[in-house]
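S.K.: Next comes the structure file data_31.json, holding JSON, C-alpha atoms.
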[["chain", "number", "residue", "atom", "x", "y", "z"],
["F", 1, "GLY", "CA", 17.15, -67.91, 69.36],
["F", 2, "SER", "CA", 17.37, -70.04, 66.23],
["F", 3, "LEU", "CA", 20.97, -71.03, 66.92],
["F", 4, "SER", "CA", 20.04, -74.04, 69.04],
["F", 5, "LEU", "CA", 18.06, -75.36, 66.06],
["F", 6, "ILE", "CA", 21.15, -75.50, 63.84],
["F", 7, "ALA", "CA", 23.72, -76.48, 66.48],
["F", 8, "GLN", "CA", 23.10, -80.20, 65.96],
["F", 9, "ASP", "CA", 23.57, -79.82, 62.21],
["F", 10, "ILE", "CA", 26.96, -78.20, 62.79],
["F", 11, "LEU", "CA", 28.02, -80.83, 65.31],
["F", 12, "GLU", "CA", 27.01, -83.65, 62.99],
["F", 13, "ALA", "CA", 28.89, -82.06, 60.09],
["F", 14, "TYR", "CA", 32.11, -81.74, 62.11],
["F", 15, "PRO", "CA", 32.61, -84.09, 65.11],
["F", 16, "LEU", "CA", 34.41, -82.36, 67.97],
["F", 17, "GLY", "CA", 35.82, -85.45, 69.66],
["F", 18, "ARG", "CA", 39.24, -85.09, 68.07],
["F", 19, "HIS", "CA", 39.80, -81.78, 69.86],
["F", 20, "ARG", "CA", 40.54, -80.91, 73.49],
["F", 21, "CYS", "CA", 39.31, -77.29, 73.77],
["F", 22, "LEU", "CA", 36.75, -75.21, 71.85],
["F", 23, "LEU", "CA", 36.73, -71.39, 71.79],
["F", 24, "ASP", "CA", 33.35, -70.13, 70.53],
["F", 25, "VAL", "CA", 33.92, -66.53, 69.40],
["F", 26, "GLY", "CA", 30.83, -64.35, 69.43],
["F", 27, "GLY", "CA", 29.08, -67.23, 71.17],
["F", 28, "GLY", "CA", 26.08, -65.21, 72.33],
["F", 29, "GLU", "CA", 24.17, -66.70, 75.24],
["F", 30, "GLY", "CA", 25.85, -70.10, 74.88],
["F", 31, "ALA", "CA", 23.46, -72.18, 72.77],
["F", 32, "PHE", "CA", 26.25, -73.68, 70.66],
["F", 33, "VAL", "CA", 28.55, -74.26, 73.63],
["F", 34, "GLU", "CA", 25.71, -75.99, 75.49],
["F", 35, "ALA", "CA", 25.03, -78.29, 72.52],
["F", 36, "ALA", "CA", 28.77, -79.00, 72.15],
["F", 37, "ALA", "CA", 29.01, -79.93, 75.85],
["F", 38, "HIS", "CA", 26.41, -82.66, 75.39],
["F", 39, "LYS", "CA", 27.89, -83.89, 72.11],
["F", 40, "ALA", "CA", 31.52, -84.02, 73.30],
["F", 41, "PRO", "CA", 31.55, -84.40, 77.10],
["F", 42, "GLY", "CA", 35.35, -84.46, 77.34],
["F", 43, "LEU", "CA", 35.83, -81.13, 75.57],
["F", 44, "SER", "CA", 36.87, -77.98, 77.42],
["F", 45, "LEU", "CA", 34.56, -75.15, 76.39],
["F", 46, "TRP", "CA", 35.29, -71.42, 76.24],
["F", 47, "LEU", "CA", 32.93, -68.69, 75.09],
["F", 48, "PHE", "CA", 33.97, -65.15, 74.14],
["F", 49, "ASP", "CA", 31.52, -62.30, 73.61],
["F", 50, "LEU", "CA", 30.83, -58.73, 74.66],
["F", 51, "PRO", "CA", 30.66, -58.36, 78.47],
["F", 52, "PRO", "CA", 26.85, -57.88, 78.74],
["F", 53, "VAL", "CA", 26.30, -60.92, 76.51],
["F", 54, "ALA", "CA", 28.87, -62.92, 78.46],
["F", 55, "THR", "CA", 26.90, -62.24, 81.65],
["F", 56, "ARG", "CA", 23.79, -63.77, 80.10],
["F", 57, "ALA", "CA", 25.83, -66.72, 78.80],
["F", 58, "ARG", "CA", 27.16, -67.47, 82.28],
["F", 59, "ALA", "CA", 23.62, -67.49, 83.66],
["F", 60, "ARG", "CA", 22.37, -69.81, 80.91],
["F", 61, "LEU", "CA", 25.26, -72.25, 81.23],
["F", 62, "ARG", "CA", 24.98, -72.27, 85.02],
["F", 63, "HIS", "CA", 21.26, -73.03, 84.72],
["F", 64, "ALA", "CA", 22.15, -75.88, 82.34],
["F", 65, "GLY", "CA", 24.52, -77.34, 84.92],
["F", 66, "LEU", "CA", 27.61, -76.51, 82.85],
["F", 67, "ALA", "CA", 29.28, -73.88, 85.03],
["F", 68, "GLU", "CA", 32.12, -76.26, 85.94],
["F", 69, "LYS", "CA", 32.78, -77.29, 82.34],
["F", 70, "THR", "CA", 32.68, -73.87, 80.67],
["F", 71, "THR", "CA", 34.67, -70.66, 80.82],
["F", 72, "VAL", "CA", 33.00, -67.45, 79.66],
["F", 73, "ILE", "CA", 35.19, -64.45, 78.79],
["F", 74, "GLY", "CA", 33.80, -60.97, 78.25],
["F", 75, "GLY", "CA", 35.59, -58.77, 75.73],
["F", 76, "ASP", "CA", 35.53, -57.01, 72.38],
["F", 77, "VAL", "CA", 37.17, -58.94, 69.55],
["F", 78, "PHE", "CA", 38.15, -55.64, 67.89],
["F", 79, "ARG", "CA", 40.00, -54.37, 70.98],
["F", 80, "ASP", "CA", 40.86, -57.35, 73.17],
["F", 81, "ALA", "CA", 43.07, -60.33, 72.41],
["F", 82, "LEU", "CA", 41.24, -63.63, 72.29],
["F", 83, "PRO", "CA", 42.31, -66.23, 74.89],
["F", 84, "GLN", "CA", 44.94, -68.65, 73.67],
["F", 85, "GLY", "CA", 45.10, -72.38, 74.29],
["F", 86, "ALA", "CA", 42.13, -73.76, 72.36],
["F", 87, "ASP", "CA", 42.87, -76.04, 69.41],
["F", 88, "LEU", "CA", 39.44, -75.43, 67.86],
["F", 89, "ALA", "CA", 37.57, -72.14, 67.35],
["F", 90, "SER", "CA", 34.10, -71.50, 66.00],
["F", 91, "LEU", "CA", 32.33, -68.54, 64.42],
["F", 92, "VAL", "CA", 28.66, -69.46, 64.32],
["F", 93, "ARG", "CA", 26.50, -66.90, 62.53],
["F", 94, "VAL", "CA", 29.05, -64.17, 63.24],
["F", 95, "LEU", "CA", 30.76, -63.08, 60.03],
["F", 96, "HIS", "CA", 27.64, -62.24, 58.02],
["F", 97, "ASP", "CA", 26.77, -59.60, 60.65],
["F", 98, "HIS", "CA", 29.89, -57.65, 59.69],
["F", 99, "ASP", "CA", 31.23, -55.82, 56.65],
["F", 100, "ASP", "CA", 34.34, -57.20, 54.94],
["F", 101, "ALA", "CA", 36.95, -55.17, 56.84],
["F", 102, "GLN", "CA", 35.51, -56.14, 60.23],
["F", 103, "ALA", "CA", 35.03, -59.77, 59.22],
["F", 104, "LEU", "CA", 38.66, -59.99, 58.14],
["F", 105, "ARG", "CA", 39.80, -58.53, 61.48],
["F", 106, "ILE", "CA", 37.77, -61.19, 63.30],
["F", 107, "LEU", "CA", 39.36, -63.96, 61.23],
["F", 108, "GLN", "CA", 42.84, -62.57, 61.88],
["F", 109, "ALA", "CA", 42.14, -62.38, 65.63],
["F", 110, "VAL", "CA", 41.05, -66.03, 65.65],
["F", 111, "ARG", "CA", 44.11, -67.09, 63.68],
["F", 112, "ARG", "CA", 46.37, -65.36, 66.22],
["F", 113, "ALA", "CA", 44.63, -67.17, 69.09],
["F", 114, "LEU", "CA", 44.92, -70.63, 67.58],
["F", 115, "PRO", "CA", 48.08, -72.75, 67.77],
["F", 116, "PRO", "CA", 49.76, -73.99, 64.58],
["F", 117, "GLY", "CA", 47.52, -76.70, 63.17],
["F", 118, "GLY", "CA", 44.50, -75.30, 65.02],
["F", 119, "VAL", "CA", 41.09, -75.51, 63.33],
["F", 120, "LEU", "CA", 38.46, -72.84, 62.72],
["F", 121, "LEU", "CA", 34.83, -73.65, 61.93],
["F", 122, "VAL", "CA", 32.79, -70.99, 60.14],
["F", 123, "ALA", "CA", 29.09, -71.85, 60.24],
["F", 124, "GLU", "CA", 26.42, -69.61, 58.77],
["F", 125, "PRO", "CA", 23.96, -69.33, 55.89],
["F", 126, "MET", "CA", 25.82, -68.53, 52.70],
["F", 127, "ALA", "CA", 24.85, -66.85, 49.48],
["F", 128, "GLY", "CA", 24.58, -68.95, 46.34],
["F", 129, "THR", "CA", 23.45, -72.15, 48.07],
["F", 130, "ALA", "CA", 22.50, -74.47, 45.20],
["F", 131, "GLY", "CA", 18.77, -74.87, 44.76],
["F", 132, "ALA", "CA", 17.89, -72.17, 47.26],
["F", 133, "GLU", "CA", 19.15, -68.97, 45.65],
["F", 134, "PRO", "CA", 15.79, -67.06, 45.70],
["F", 135, "MET", "CA", 15.11, -68.05, 49.33],
["F", 136, "GLY", "CA", 18.64, -67.12, 50.30],
["F", 137, "ASP", "CA", 18.35, -63.72, 48.66],
["F", 138, "ALA", "CA", 15.08, -63.07, 50.51],
["F", 139, "TYR", "CA", 16.56, -64.20, 53.84],
["F", 140, "PHE", "CA", 19.63, -62.01, 53.55],
["F", 141, "GLY", "CA", 17.60, -59.06, 52.31],
["F", 142, "PHE", "CA", 15.35, -58.97, 55.37],
["F", 143, "TYR", "CA", 18.03, -60.02, 57.86],
["F", 144, "LEU", "CA", 20.64, -57.48, 56.82],
["F", 145, "LEU", "CA", 18.03, -54.74, 56.55],
["F", 146, "ALA", "CA", 17.24, -55.38, 60.22],
["F", 147, "MET", "CA", 20.92, -55.64, 61.25],
["F", 148, "ARG", "CA", 21.94, -52.50, 59.28],
["F", 149, "SER", "CA", 25.38, -54.01, 58.62],
["F", 150, "GLY", "CA", 27.02, -57.09, 57.17],
["F", 151, "ARG", "CA", 26.61, -58.76, 53.83],
["F", 152, "PRO", "CA", 25.83, -62.16, 52.31],
["F", 153, "ARG", "CA", 28.89, -64.10, 51.22],
["F", 154, "SER", "CA", 29.28, -67.23, 49.17],
["F", 155, "ALA", "CA", 31.41, -70.12, 50.34],
["F", 156, "ALA", "CA", 33.96, -69.12, 47.69],
["F", 157, "ARG", "CA", 34.16, -65.55, 49.03],
["F", 158, "LEU", "CA", 34.54, -66.79, 52.61],
["F", 159, "ALA", "CA", 37.30, -69.12, 51.43],
["F", 160, "GLU", "CA", 39.14, -66.13, 49.93],
["F", 161, "MET", "CA", 38.81, -64.21, 53.18],
["F", 162, "LEU", "CA", 40.00, -67.14, 55.27],
["F", 163, "GLN", "CA", 43.12, -67.45, 53.13],
["F", 164, "ALA", "CA", 43.68, -63.69, 53.27],
["F", 165, "ALA", "CA", 43.56, -63.97, 57.07],
["F", 166, "GLY", "CA", 46.31, -66.61, 57.03],
["F", 167, "PHE", "CA", 44.41, -69.91, 57.01],
["F", 168, "LEU", "CA", 44.92, -72.73, 54.54],
["F", 169, "ALA", "CA", 42.26, -73.23, 51.86],
["F", 170, "PRO", "CA", 39.11, -74.33, 53.72],
["F", 171, "ARG", "CA", 37.06, -77.45, 53.17],
["F", 172, "GLU", "CA", 33.27, -77.53, 53.32],
["F", 173, "HIS", "CA", 31.50, -80.09, 55.50],
["F", 174, "ALA", "CA", 27.97, -80.89, 54.31],
["F", 175, "THR", "CA", 25.02, -80.11, 56.60],
["F", 176, "ARG", "CA", 21.44, -81.38, 56.55],
["F", 177, "GLN", "CA", 19.95, -77.92, 56.09],
["F", 178, "PRO", "CA", 22.37, -75.92, 53.93],
["F", 179, "LEU", "CA", 19.95, -73.02, 53.57],
["F", 180, "GLN", "CA", 20.07, -72.57, 57.35],
["F", 181, "THR", "CA", 23.79, -73.17, 57.79],
["F", 182, "ARG", "CA", 26.83, -74.37, 55.91],
["F", 183, "VAL", "CA", 30.16, -75.23, 57.52],
["F", 184, "LEU", "CA", 33.67, -74.37, 56.37],
["F", 185, "MET", "CA", 36.66, -75.88, 58.19],
["F", 186, "ALA", "CA", 39.98, -74.06, 57.90],
["F", 187, "VAL", "CA", 43.37, -74.85, 59.44],
["F", 188, "LYS", "CA", 46.07, -72.50, 60.66],
["F", 189, "PRO", "CA", 49.34, -73.50, 58.96],
["F", 190, "ALA", "CA", 51.63, -75.62, 61.07],
["F", 191, "ALA", "CA", 54.57, -73.36, 60.22],
["F", 192, "THR", "CA", 54.56, -69.60, 59.75],
["F", 193, "PRO", "CA", 55.84, -68.61, 56.31],
["F", 194, "PRO", "CA", 58.81, -66.25, 56.28],
["F", 195, "ARG", "CA", 57.96, -62.56, 56.34],
["F", 196, "ILE", "CA", 58.95, -60.74, 53.16],
["F", 197, "PRO", "CA", 60.05, -57.10, 53.49],
["F", 198, "GLY", "CA", 57.65, -54.73, 51.81],
["F", 199, "VAL", "CA", 54.75, -57.22, 51.81],
["F", 200, "ASN", "CA", 51.68, -56.52, 53.98],
["F", 201, "HIS", "CA", 51.20, -59.76, 55.95],
["F", 202, "PRO", "CA", 47.90, -60.48, 57.78]]
As structure tokens, please, write out the structure in this file.
M.R.:
Amino acid sequence: GSLSLIAQDILEAYPLGRHRCLLDVGGGEGAFVEAAAHKAPGLSLWLFDLPPVATRARARLRHAGLAEKTTVIGGDVFRDALPQGADLASLVRVLHDHDDAQALRILQAVRRALPPGGVLLVAEPMAGTAGAEPMGDAYFGFYLLAMRSGRPRSAARLAEMLQAAGFLAPREHATRQPLQTRVLMAVKPAATPPRIPGVNHP
């Protein structure tokens, strides 16, 4: 429910106009996709989430008059391949709901779906936000207790995971309310590095 409150911060931090198609992974009921539709009217918009959630997203986006501009795909990111063709993907408040192994699998799935040079936005509250460490600790403590999984991660830790998943070193884009959300932008390399025998590649 709070996602619509931070969507504008994300969209101001990273303008979407340079892209042609957004894939919002774990997009919930479509709050971020709806905000993106108003901010970048020429953008094609795809949302991927579990089938019961996707059903609710379709209803919300249809009610918002966006049925013609959006495509909602139901699936499980841990079992189903993400749709290919988008040049921009987003994970908005997704990774901190998952433990490290699952979060890395999500990042790898997104990397596979993106074309070379494609961009991933990771937007969520992050541990170690300067000037808000005690508040951040309290937020994560209560939130993760309720979720029963996941973990707080700093921007540095997320950067390590993005690179482990095969993205280039990410860059942070400043937001107005960093305690609520921070944004990392990472790019899939334009060329795939050669595979080395005996090395475990992501």
S.K.: Would you work out the distance separating atom CA of F:Arg60 from atom CA of F:Ser44, expressed in Å to one decimal?
M.R.: 17.0 Å
S.K.: Using only C-alpha atoms, what table do you get, as JSON lines, when you list each residue of stretch 59-118 of chain F with an atom no more than 12 Å from stretch 125-128 of chain F, its nearest pair of atoms, and their distance in Å rounded to one decimal, rows by chain then rising number?
M.R.:
{"residue": "F:Leu91", "atom": "CA", "partner": "F:Pro125", "partner_atom": "CA", "distance": 12.0}
{"residue": "F:Val92", "atom": "CA", "partner": "F:Pro125", "partner_atom": "CA", "distance": 9.7}
{"residue": "F:Arg93", "atom": "CA", "partner": "F:Pro125", "partner_atom": "CA", "distance": 7.5}
{"residue": "F:Val94", "atom": "CA", "partner": "F:Pro125", "partner_atom": "CA", "distance": 10.3}
{"residue": "F:Leu95", "atom": "CA", "partner": "F:Pro125", "partner_atom": "CA", "distance": 10.1}
{"residue": "F:His96", "atom": "CA", "partner": "F:Pro125", "partner_atom": "CA", "distance": 8.3}
{"residue": "F:Asp97", "atom": "CA", "partner": "F:Pro125", "partner_atom": "CA", "distance": 11.2}
S.K.: Measure the distance from atom CA of F:Thr71 to atom CA of F:Trp46 in Å and round it to one decimal.
M.R.: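 Calculated distance between atom CA of F:Thr71 and atom CA of F:Trp46 is 4.7 Å.
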S.K.: Kindly indicate which residue among F:Arg111, F:Thr181, F:Asp99, F:Ala165 lies nearest to F:Pro152, using all atoms listed in the file for the distances.
M.R.: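 Looking only at the distances to F:Pro152, the closest residue turns out to be F:Asp99.
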S.K.: Could I get the residues of stretch 31-95 of chain F with an atom no further than 10 Å from an atom of stretch 14-17 of chain F, each paired with its nearest atom pair and that distance in Å to one decimal, using all atoms listed in the file, sorted by chain and residue number, as a tab-separated table?
M.R.:
residue	atom	partner	partner_atom	distance
F:Ala36	CA	F:Leu16	CA	7.8
F:Ala37	CA	F:Leu16	CA	9.9
F:Lys39	CA	F:Leu16	CA	7.9
F:Ala40	CA	F:Gly17	CA	5.8
F:Pro41	CA	F:Gly17	CA	8.6
F:Gly42	CA	F:Gly17	CA	7.8
F:Leu43	CA	F:Gly17	CA	7.3
F:Leu88	CA	F:Leu16	CA	8.6
S.K.: Please, what distance in Å, to one decimal, runs between atom CA of F:Leu179 and atom CA of F:Ala155?
M.R.: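 Those two atoms sit 12.3 Å apart.
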S.K.: Taking the point (33.8, -77.5, 56.6) as given in the file, collect each protein or nucleic acid residue that comes within 7 Å of it, counting all atoms listed in the file, and present the set as a PyMOL selection string.
M.R.: chain F and resi 121+170-173+183-185
S.K.: Which residue gives the smallest distance to F:Glu124 among F:Ser154, F:Ala54, F:Arg182, F:Asp100, with only C-alpha atoms counted?
M.R.: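 With only C-alpha atoms as the atom set, the closest residue is F:Arg182.
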S.K.: Enumerate, as a list in words, the protein, DNA and RNA residues whose atoms approach (27.4, -78.3, 62.3) to within 8 Å, taking into account all atoms listed in the file and the coordinate frame of the file.
M.R.: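 The distance filter leaves exactly Ile6, Ala7, Gln8, Asp9, Ile10, Leu11, Glu12, Ala13, Tyr14, Ala123, Thr175, Thr181, Arg182 and Val183 of chain F.
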S.K.: Kindly indicate which residue among F:Phe48, F:Gln84, F:Val33, F:Pro116 lies nearest to F:Ala64, using all atoms listed in the file for the distances.
M.R.: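 The answer is F:Val33, which sits nearest to F:Ala64.
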